[in-house]
file input-v2.cif (mmCIF, C-alpha atoms)
data_query
#
loop_
_atom_site.label_atom_id
_atom_site.label_comp_id
_atom_site.auth_asym_id
_atom_site.auth_seq_id
_atom_site.Cartn_x
_atom_site.Cartn_y
_atom_site.Cartn_z
CA MET A 10 3.99 -7.94 44.15
CA SER A 11 4.05 -11.63 44.76
CA GLU A 12 7.37 -12.64 46.23
CA THR A 13 8.18 -16.03 47.70
CA THR A 14 11.67 -16.53 49.00
CA ALA A 15 13.10 -19.97 48.46
CA ALA A 16 16.35 -21.25 49.89
CA PRO A 17 18.93 -18.83 48.46
CA GLU A 18 21.28 -20.16 45.82
CA ASN A 19 24.09 -18.30 47.52
CA ALA A 20 27.52 -18.49 45.97
CA ARG A 21 29.55 -16.89 48.72
CA SER A 22 33.07 -18.26 48.69
CA ARG A 23 34.82 -19.83 51.63
CA ALA A 24 38.27 -18.69 52.65
CA GLY A 25 39.25 -17.64 49.13
CA LYS A 26 37.79 -20.69 47.42
CA ALA A 27 36.27 -19.74 44.06
CA PRO A 28 32.46 -19.83 44.20
CA ALA A 29 30.57 -22.11 41.83
CA ARG A 30 29.04 -20.11 39.01
CA HIS A 31 25.27 -20.19 38.71
CA ARG A 32 24.55 -21.39 35.16
CA ILE A 33 21.91 -19.44 33.24
CA ALA A 34 20.61 -20.55 29.84
CA VAL A 35 18.75 -17.94 27.76
CA LEU A 36 16.50 -19.58 25.17
CA ALA A 37 16.44 -17.52 21.96
CA LEU A 38 13.39 -18.30 19.85
CA PRO A 39 12.58 -17.05 16.32
CA GLY A 40 11.45 -13.43 16.41
CA VAL A 41 13.29 -12.64 19.65
CA PRO A 42 13.77 -8.90 20.33
CA PRO A 43 17.52 -8.18 20.75
CA PHE A 44 17.00 -5.89 23.74
CA GLU A 45 15.20 -8.48 25.85
CA LEU A 46 17.60 -11.20 24.68
CA GLY A 47 20.55 -9.18 25.95
CA ILE A 48 19.12 -8.30 29.37
CA PRO A 49 20.29 -11.44 31.25
CA SER A 50 23.87 -11.29 29.92
CA ARG A 51 24.16 -7.61 30.73
CA VAL A 52 22.63 -7.69 34.22
CA PHE A 53 23.95 -11.01 35.54
CA GLY A 54 27.31 -10.35 33.90
CA SER A 55 27.69 -7.35 36.20
CA VAL A 56 27.82 -9.49 39.36
CA HIS A 57 31.20 -10.47 40.80
CA ASP A 58 32.53 -11.63 44.15
CA ALA A 59 34.99 -9.69 46.30
CA GLU A 60 37.90 -11.03 44.20
CA GLY A 61 36.29 -9.91 40.95
CA ARG A 62 35.19 -13.38 39.85
CA PRO A 63 31.84 -13.65 38.01
CA LEU A 64 29.09 -15.35 39.97
CA TYR A 65 26.94 -16.19 36.95
CA GLU A 66 27.66 -17.93 33.65
CA VAL A 67 25.16 -16.89 30.97
CA THR A 68 24.75 -18.91 27.76
CA VAL A 69 22.46 -18.03 24.86
CA CYS A 70 21.04 -21.17 23.25
CA THR A 71 18.37 -22.18 20.76
CA ALA A 72 16.01 -25.12 20.70
CA ASP A 73 18.04 -26.96 18.06
CA GLY A 74 21.42 -25.21 18.14
CA ALA A 75 20.78 -23.39 14.84
CA PRO A 76 20.74 -19.59 14.40
CA VAL A 77 17.37 -17.83 14.74
CA LEU A 78 16.16 -14.66 13.05
CA SER A 79 15.52 -11.83 15.52
CA ASP A 80 12.68 -9.37 15.08
CA ALA A 81 15.32 -6.76 14.16
CA GLY A 82 16.15 -8.60 10.95
CA PHE A 83 19.48 -10.18 11.82
CA HIS A 84 20.30 -13.72 12.87
CA VAL A 85 21.34 -14.66 16.39
CA GLN A 86 24.15 -17.20 16.46
CA PRO A 87 23.73 -19.21 19.69
CA ALA A 88 26.59 -20.48 21.79
CA ALA A 89 24.79 -23.78 22.41
CA GLY A 90 21.77 -25.90 21.69
CA PRO A 91 19.23 -27.59 23.97
CA GLU A 92 22.00 -29.24 26.00
CA ALA A 93 22.50 -25.87 27.73
CA LEU A 94 18.94 -26.06 29.05
CA ALA A 95 19.59 -29.48 30.56
CA ALA A 96 22.66 -28.19 32.41
CA ALA A 97 21.25 -24.83 33.56
CA ASP A 98 20.41 -23.78 37.12
CA THR A 99 18.14 -21.07 35.69
CA VAL A 100 16.41 -20.97 32.29
CA ILE A 101 15.26 -17.58 30.98
CA VAL A 102 12.82 -17.26 28.07
CA PRO A 103 12.71 -13.82 26.39
CA PRO A 104 9.75 -12.89 24.16
CA THR A 105 9.13 -14.18 20.65
CA HIS A 106 7.30 -12.20 17.98
CA ALA A 107 7.17 -15.06 15.50
CA MET A 108 4.67 -17.42 17.13
CA PRO A 109 1.25 -15.69 16.88
CA GLU A 110 -0.47 -19.02 17.46
CA LEU A 111 0.57 -18.84 21.12
CA GLY A 112 -1.78 -15.87 21.55
CA ARG A 113 -4.63 -18.23 20.72
CA GLY A 114 -3.44 -20.96 23.05
CA GLY A 115 -1.86 -22.91 20.19
CA PRO A 116 0.90 -25.48 20.63
CA LEU A 117 4.62 -24.85 20.72
CA PRO A 118 6.76 -26.07 17.81
CA ALA A 119 7.91 -29.65 18.35
CA GLU A 120 11.59 -28.71 18.75
CA VAL A 121 10.76 -26.10 21.40
CA THR A 122 8.57 -28.59 23.29
CA ALA A 123 11.40 -31.12 23.23
CA ALA A 124 13.98 -28.57 24.38
CA ILE A 125 11.83 -27.42 27.30
CA ALA A 126 11.14 -31.03 28.27
CA GLY A 127 14.90 -31.45 28.66
CA ILE A 128 15.19 -28.80 31.39
CA ARG A 129 16.44 -30.54 34.50
CA PRO A 130 14.09 -30.89 37.51
CA GLY A 131 14.63 -28.14 40.07
CA ALA A 132 15.86 -25.53 37.60
CA ARG A 133 14.51 -22.02 38.08
CA LEU A 134 12.23 -20.96 35.19
CA VAL A 135 11.97 -17.32 34.18
CA SER A 136 10.15 -15.41 31.45
CA ILE A 137 10.63 -11.84 30.25
CA CYS A 138 7.54 -10.07 28.87
CA THR A 139 5.67 -12.37 26.47
CA GLY A 140 8.13 -15.18 27.11
CA SER A 141 5.37 -16.07 29.56
CA TYR A 142 3.36 -17.37 26.59
CA VAL A 143 6.02 -20.00 26.01
CA LEU A 144 5.98 -21.16 29.63
CA ALA A 145 2.17 -21.15 29.62
CA ALA A 146 1.96 -23.11 26.37
CA ALA A 147 4.26 -25.70 27.90
CA GLY A 148 1.88 -26.01 30.87
CA LEU A 149 4.47 -24.68 33.30
CA LEU A 150 2.27 -21.83 34.60
CA ASP A 151 -0.91 -23.82 35.20
CA GLY A 152 -2.37 -22.94 38.59
CA ARG A 153 0.42 -20.45 39.31
CA PRO A 154 0.52 -16.66 39.61
CA ALA A 155 2.22 -14.93 36.69
CA THR A 156 2.39 -11.69 34.79
CA THR A 157 3.01 -10.47 31.26
CA HIS A 158 2.79 -7.17 29.39
CA TRP A 159 -0.31 -5.31 30.58
CA ASN A 160 -1.51 -4.68 27.02
CA LEU A 161 -1.67 -8.41 26.30
CA ALA A 162 -3.11 -9.56 29.64
CA PRO A 163 -6.71 -9.99 28.34
CA GLU A 164 -5.48 -12.12 25.42
CA PHE A 165 -3.18 -14.11 27.70
CA ARG A 166 -6.02 -14.74 30.15
CA ARG A 167 -8.26 -16.04 27.35
CA ALA A 168 -5.55 -18.25 25.87
CA TYR A 169 -4.37 -19.69 29.20
CA PRO A 170 -7.27 -19.61 31.67
CA ARG A 171 -5.45 -21.86 34.15
CA VAL A 172 -2.83 -19.17 34.82
CA LYS A 173 -3.48 -16.65 37.61
CA VAL A 174 -2.59 -13.49 35.71
CA ASP A 175 -1.73 -10.27 37.55
CA GLU A 176 -1.09 -7.48 35.05
CA ASP A 177 -0.65 -4.82 37.74
CA VAL A 178 2.85 -5.86 38.86
CA LEU A 179 6.31 -5.55 37.34
CA PHE A 180 7.16 -9.15 38.12
CA VAL A 181 5.92 -12.20 40.01
CA ASP A 182 8.23 -14.42 42.06
CA ASP A 183 6.55 -17.77 42.71
CA GLY A 184 9.68 -19.47 44.01
CA ASP A 185 11.01 -21.63 41.19
CA VAL A 186 8.97 -19.88 38.48
CA LEU A 187 9.29 -16.14 37.89
CA THR A 188 7.66 -13.94 35.27
CA SER A 189 8.09 -10.28 34.37
CA ALA A 190 6.11 -7.62 32.57
CA GLY A 191 7.24 -5.87 29.41
CA VAL A 192 10.79 -5.01 28.35
CA ALA A 193 12.45 -3.05 31.19
CA ALA A 194 10.61 -5.11 33.80
CA GLY A 195 12.95 -7.88 32.72
CA VAL A 196 15.77 -5.81 34.20
CA ASP A 197 13.78 -5.42 37.43
CA LEU A 198 13.29 -9.18 37.62
CA CYS A 199 16.96 -9.98 36.97
CA LEU A 200 17.99 -7.55 39.72
CA HIS A 201 15.43 -9.17 42.02
CA MET A 202 16.95 -12.59 41.37
CA ILE A 203 20.43 -11.26 42.15
CA ARG A 204 19.03 -9.76 45.36
CA ARG A 205 17.46 -13.12 46.21
CA ASP A 206 20.64 -15.05 45.42
CA HIS A 207 23.28 -12.74 46.87
CA GLY A 208 21.62 -9.90 48.77
CA ALA A 209 20.95 -6.22 48.24
CA ALA A 210 24.59 -5.13 47.96
CA ALA A 211 25.17 -7.36 44.91
CA ALA A 212 21.93 -6.21 43.27
CA ASN A 213 22.74 -2.57 43.95
CA GLN A 214 26.19 -2.97 42.42
CA ALA A 215 24.72 -4.60 39.30
CA ALA A 216 22.16 -1.78 39.06
CA ARG A 217 24.91 0.83 39.28
CA MET A 218 26.88 -0.88 36.54
CA CYS A 219 23.78 -0.95 34.34
CA VAL A 220 22.84 2.64 35.32
CA VAL A 221 19.32 1.65 36.41
CA PRO A 222 17.49 1.91 39.74
CA PRO A 223 17.91 -1.20 41.91
CA TRP A 224 14.19 -1.13 42.73
CA ARG A 225 11.26 0.61 41.06
CA ASP A 226 8.15 1.68 42.93
CA GLY A 227 4.72 0.51 41.92
CA GLY A 228 3.64 -1.77 39.13
CA GLN A 229 2.46 -1.77 35.53
CA ALA A 230 -0.63 0.28 36.30
CA GLN A 231 1.45 3.44 36.21
CA TYR A 232 2.42 2.71 32.57
CA ILE A 233 -1.02 1.91 31.18
CA ASP A 234 -2.08 4.43 28.53
CA ARG A 235 -4.41 7.06 29.98
CA PRO A 236 -5.39 10.58 28.95
CA VAL A 237 -2.69 13.07 29.88
CA PRO A 238 -3.81 14.89 33.07
CA ASP A 239 -4.29 18.60 33.10
CA PRO A 240 -0.96 20.27 34.05
CA THR A 241 -2.67 21.96 36.95
CA VAL A 242 -3.51 18.60 38.57
CA ALA A 243 -1.39 18.00 41.67
CA SER A 244 1.05 15.09 41.86
CA THR A 245 1.97 12.83 44.77
CA THR A 246 5.66 12.75 43.81
CA ALA A 247 6.82 15.25 46.45
CA THR A 248 4.81 13.49 49.14
CA ARG A 249 6.35 10.12 48.25
CA ALA A 250 9.82 11.64 48.51
CA TRP A 251 8.90 13.17 51.88
CA ALA A 252 7.50 9.87 53.14
CA LEU A 253 10.74 8.05 52.24
CA GLU A 254 12.59 10.47 54.51
CA HIS A 255 10.19 9.75 57.38
CA LEU A 256 9.63 5.98 57.18
CA GLY A 257 10.58 5.55 60.83
CA GLU A 258 7.72 7.78 61.93
CA PRO A 259 4.04 6.79 62.21
CA LEU A 260 2.58 8.09 58.94
CA SER A 261 -1.18 8.09 58.47
CA LEU A 262 -3.07 8.41 55.22
CA ALA A 263 -4.42 11.71 56.50
CA GLN A 264 -0.88 13.03 57.04
CA LEU A 265 0.14 12.04 53.53
CA ALA A 266 -2.93 13.69 52.02
CA GLU A 267 -2.33 16.82 54.08
CA HIS A 268 1.29 16.99 52.90
CA ALA A 269 0.08 16.72 49.30
CA ARG A 270 -2.59 19.36 49.99
CA MET A 271 -5.36 17.10 48.75
CA SER A 272 -8.48 15.55 50.17
CA LEU A 273 -8.17 11.91 51.26
CA ARG A 274 -10.25 10.78 48.31
CA SER A 275 -8.34 12.81 45.72
CA PHE A 276 -4.96 11.82 47.16
CA THR A 277 -5.80 8.11 47.18
CA ARG A 278 -7.09 8.21 43.61
CA ARG A 279 -4.14 10.27 42.33
CA PHE A 280 -1.62 8.07 44.19
CA ARG A 281 -3.03 4.88 42.68
CA ASP A 282 -3.04 6.40 39.20
CA GLU A 283 0.62 7.41 39.52
CA VAL A 284 2.06 4.43 41.38
CA GLY A 285 -0.26 1.52 40.67
CA MET A 286 -0.99 0.67 44.31
CA THR A 287 -2.64 2.26 47.33
CA PRO A 288 -0.66 4.60 49.61
CA VAL A 289 -0.77 2.02 52.43
CA GLN A 290 0.50 -0.78 50.15
CA TRP A 291 3.29 1.45 48.86
CA LEU A 292 4.30 2.59 52.35
CA THR A 293 4.44 -0.99 53.61
CA ALA A 294 6.56 -2.04 50.62
CA GLN A 295 9.03 0.81 51.21
CA ARG A 296 9.29 -0.05 54.90
CA LEU A 297 9.93 -3.70 54.06
CA GLU A 298 12.72 -2.71 51.66
CA LEU A 299 14.30 -0.52 54.33
CA ALA A 300 14.03 -3.30 56.90
CA LYS A 301 15.65 -5.80 54.53
CA GLN A 302 18.50 -3.40 53.82
CA LEU A 303 19.08 -2.87 57.54
CA LEU A 304 19.02 -6.63 58.18
CA GLU A 305 21.55 -7.19 55.39
CA THR A 306 23.93 -4.34 56.13
CA SER A 307 23.86 -3.87 59.92
CA ASP A 308 23.94 -5.80 63.18
CA LEU A 309 21.06 -3.80 64.67
CA PRO A 310 18.71 -5.87 66.86
CA VAL A 311 15.47 -6.77 65.10
CA ASP A 312 13.37 -4.55 67.37
CA LEU A 313 15.52 -1.54 66.42
CA VAL A 314 15.31 -2.47 62.73
CA ALA A 315 11.53 -2.57 63.12
CA HIS A 316 11.51 0.84 64.78
CA ARG A 317 13.73 2.48 62.15
CA ALA A 318 11.67 1.01 59.33
CA GLY A 319 8.44 2.28 60.85
CA PHE A 320 6.84 -1.02 61.87
CA GLY A 321 6.70 -0.04 65.54
CA SER A 322 7.52 -3.46 66.97
CA ALA A 323 9.52 -6.57 66.16
CA ASN A 324 6.28 -8.59 66.09
CA SER A 325 4.83 -6.33 63.43
CA LEU A 326 7.99 -6.63 61.32
CA ARG A 327 7.96 -10.43 61.69
CA ALA A 328 4.34 -10.60 60.55
CA HIS A 329 4.94 -8.41 57.52
CA MET A 330 8.13 -10.23 56.51
CA ARG A 331 6.52 -13.64 56.79
CA ALA A 332 3.62 -12.44 54.68
CA ALA A 333 5.84 -10.85 52.03
CA VAL A 334 8.90 -13.12 51.80
CA GLY A 335 7.91 -16.17 53.82
CA VAL A 336 10.66 -15.98 56.46
CA SER A 337 11.36 -14.26 59.77
CA PRO A 338 13.79 -11.32 60.05
CA ALA A 339 16.34 -13.59 61.72
CA ALA A 340 16.12 -16.17 58.94
CA TYR A 341 16.39 -13.44 56.31
CA ARG A 342 19.50 -12.05 57.98
CA ARG A 343 21.11 -15.50 58.17
CA ALA A 344 20.44 -16.06 54.48
CA PHE A 345 21.44 -12.72 53.02
CA SER A 346 23.73 -10.82 55.36
CA PRO A 347 27.45 -11.31 55.98
CA VAL A 348 26.62 -9.97 59.44
CA GLY A 349 24.20 -12.85 59.84
CA HIS A 350 27.07 -15.28 59.33
CA SER A 351 29.40 -13.63 61.80
CA GLY A 352 27.88 -14.97 64.99
CA LEU A 353 25.75 -11.90 65.70
CA ARG A 354 22.19 -12.77 66.52
CA GLY A 355 18.86 -11.14 65.76
CA ARG A 356 15.37 -12.42 66.33
#
call {"tool": "encode", "arguments": {"input": "input-v2.cif", "output": "structure tokens"}}
result
Amino acid sequence: MSETTAAPENARSRAGKAPARHRIAVLALPGVPPFELGIPSRVFGSVHDAEGRPLYEVTVCTADGAPVLSDAGFHVQPAAGPEALAAADTVIVPPTHAMPELGRGGPLPAEVTAAIAGIRPGARLVSICTGSYVLAAAGLLDGRPATTHWNLAPEFRRAYPRVKVDEDVLFVDDGDVLTSAGVAAGVDLCLHMIRRDHGAAAANQAARMCVVPPWRDGGQAQYIDRPVPDPTVASTTATRAWALEHLGEPLSLAQLAEHARMSLRSFTRRFRDEVGMTPVQWLTAQRLELAKQLLETSDLPVDLVAHRAGFGSANSLRAHMRAAVGVSPAAYRRAFSPVGHSGLRGR
């Protein structure tokens, strides 16, 4: 999963001073599915500071301020028009099922083009599912990594050959442009943005309020339609659960296969089918998540964080964190942990 950490848009308050709300504009286009349209309001609306004040302000808008017909047959009355896009810190584009020409690389309607052109420089751009078609048609994904629903990836690739499409992941974070896969992956991406803005504790709280997992393993590959396996075929589920309880220990591929009572070849193939990534990729991702949680929620020295997360040494943790999120453990702690702001040091 591509993840590039930019400078956090952190809204922590100072000495009781109310934090500035991060302004999010959700662009409702004709044919918008109500579920995807409602994801940002529901997820970001669950985030509050210690005094119970909301940290995000979410506004649903349309390209011209007029109501649009959803794909469920009722009209969406927006709270604002394109002026909300010009004032937003983040712009989110849910899918549209009323612009089939985008699947052929066709142009956006003139009013949508004008509205998108009014987005202020520096705003974070986000798409949910096939909202990526809108960003691509506007030229905003050219030369950048992105994702969309796995079932439409071949069409998307043909229509927008300049976009680096990765249909295997749930979302792609390319700094100021983020894209998600289908439907529920929009929830995953919103939680990721909360985690990036305010840390794991805020994202976990939002996930609890929405009754969803704060982080899902694997990518879209696990959801691609395949023949149902024979019920006698072994699963890697129990081994994954066991590995999560032993992340601090040196775990080899052979040990994992032995725990699952499979050959190395069968285990690797079955694991990739079920999770969408190799066992080594998955294990590294889980260890990185544990390390980030420890950096955010404890004052443990970085070498001890590395040991508990199973990286063996602080140097190994630094290398993996720089590769995955672009910063050192110490920089990550300073950005996302209250502990990191308390004068405690980690390297």
call {"tool": "resolve_selection", "arguments": {"input": "input-v2.cif", "expression": "the PyMOL selection byres ((chain A and resi 320-334) around 8)", "output": "ChimeraX atom specification"}}
result
/A:11-14,257,296-297,311-319,335-338
call {"tool": "atom_distance", "arguments": {"input": "input-v2.cif", "atom1": "CA of Ala126 (chain A)", "atom2": "CA of Val56 (chain A)"}}
result
29.4 Å
call {"tool": "resolve_selection", "arguments": {"input": "input-v2.cif", "expression": "the PyMOL selection byres ((chain A and resi 171) around 12)", "output": "list of chain:residue names"}}
result
A:Gly114, A:Ala145, A:Ala146, A:Gly148, A:Leu149, A:Leu150, A:Asp151, A:Gly152, A:Arg153, A:Pro154, A:Ala155, A:Phe165, A:Arg166, A:Arg167, A:Ala168, A:Tyr169, A:Pro170, A:Val172, A:Lys173, A:Val174
call {"tool": "closest_residue", "arguments": {"input": "input-v2.cif", "among": "A:Gly54, A:Thr293, A:Thr245, A:Ala252", "to": "Ser275 (chain A)", "atoms": "only C-alpha atoms"}}
result
A:Thr245
call {"tool": "resolve_selection", "arguments": {"input": "input-v2.cif", "expression": "the PyMOL selection byres ((chain A and resi 129) around 9)", "output": "list in words"}}
result
Leu94, Ala95, Ala96, Ala97, Asp98, Ala126, Gly127, Ile128, Pro130, Gly131 and Ala132 of chain A
call {"tool": "residues_around", "arguments": {"input": "input-v2.cif", "residues": "Arg204 (chain A)", "least_positions_apart": "2", "cutoff": "12 Å", "atoms": "only C-alpha atoms", "output": "PyMOL selection string"}}
result
chain A and resi 14+17-19+52-53+56+197-202+206-216+223-224+298+301-302+305+341+344-346
call {"tool": "decode", "arguments": {"input": "input-v2.cif", "residues": "region 152-225 of chain A", "atoms": "C-alpha atoms", "output": "compact mmCIF listing (two decimals), in the first residue's frame"}}
result
# COMPACT_ATOMS: atom_id res chain seq x y z
CA GLY A 152 1.83 10.43 -13.57
CA ARG A 153 0.63 9.53 -10.07
CA PRO A 154 -0.17 6.23 -8.36
CA ALA A 155 -3.87 5.65 -7.79
CA THR A 156 -6.47 2.95 -7.32
CA THR A 157 -10.12 2.33 -8.10
CA HIS A 158 -12.54 -0.59 -7.90
CA TRP A 159 -10.71 -3.75 -8.98
CA ASN A 160 -13.47 -4.71 -11.43
CA LEU A 161 -13.03 -1.47 -13.37
CA ALA A 162 -9.22 -1.30 -13.29
CA PRO A 163 -8.74 -2.56 -16.90
CA GLU A 164 -11.22 0.03 -18.22
CA PHE A 165 -9.66 2.76 -16.09
CA ARG A 166 -6.19 1.86 -17.34
CA ARG A 167 -7.34 2.07 -20.97
CA ALA A 168 -9.16 5.36 -20.46
CA TYR A 169 -6.37 7.04 -18.47
CA PRO A 170 -3.04 5.49 -19.48
CA ARG A 171 -1.04 8.21 -17.72
CA VAL A 172 -2.27 7.07 -14.30
CA LYS A 173 -0.24 4.41 -12.44
CA VAL A 174 -3.11 2.15 -11.45
CA ASP A 175 -2.73 -0.37 -8.61
CA GLU A 176 -5.92 -2.41 -8.25
CA ASP A 177 -4.48 -4.66 -5.53
CA VAL A 178 -4.67 -2.14 -2.67
CA LEU A 179 -7.52 -0.70 -0.61
CA PHE A 180 -6.23 2.84 -0.99
CA VAL A 181 -3.26 4.85 -2.21
CA ASP A 182 -1.85 7.80 -0.28
CA ASP A 183 0.32 9.93 -2.58
CA GLY A 184 0.60 12.85 -0.18
CA ASP A 185 -1.83 15.50 -1.39
CA VAL A 186 -3.80 13.11 -3.62
CA LEU A 187 -5.45 10.00 -2.19
CA THR A 188 -7.64 7.41 -3.89
CA SER A 189 -9.58 4.44 -2.55
CA ALA A 190 -11.03 1.24 -3.93
CA GLY A 191 -14.71 0.37 -3.92
CA VAL A 192 -17.34 1.34 -1.34
CA ALA A 193 -16.09 0.28 2.11
CA ALA A 194 -12.50 1.10 1.16
CA GLY A 195 -13.67 4.70 1.36
CA VAL A 196 -14.11 4.14 5.09
CA ASP A 197 -10.59 2.72 5.28
CA LEU A 198 -9.21 5.79 3.52
CA CYS A 199 -11.09 8.26 5.74
CA LEU A 200 -9.77 6.49 8.85
CA HIS A 201 -6.28 6.60 7.35
CA MET A 202 -6.56 10.35 6.86
CA ILE A 203 -7.69 10.80 10.47
CA ARG A 204 -4.71 8.68 11.56
CA ARG A 205 -2.42 10.85 9.44
CA ASP A 206 -3.92 14.08 10.75
CA HIS A 207 -4.38 13.24 14.43
CA GLY A 208 -2.79 9.87 15.20
CA ALA A 209 -3.96 6.34 15.86
CA ALA A 210 -6.00 7.12 18.97
CA ALA A 211 -8.30 9.49 17.05
CA ALA A 212 -8.69 7.02 14.18
CA ASN A 213 -9.41 4.17 16.58
CA GLN A 214 -12.07 6.23 18.34
CA ALA A 215 -13.73 7.10 15.02
CA ALA A 216 -13.63 3.42 14.03
CA ARG A 217 -15.28 2.41 17.30
CA MET A 218 -18.03 4.97 16.80
CA CYS A 219 -18.63 3.66 13.28
CA VAL A 220 -18.34 0.02 14.45
CA VAL A 221 -15.67 -0.83 11.86
CA PRO A 222 -12.08 -2.07 12.19
CA PRO A 223 -9.54 0.77 12.36
CA TRP A 224 -7.30 -1.09 9.90
CA ARG A 225 -8.00 -3.93 7.48
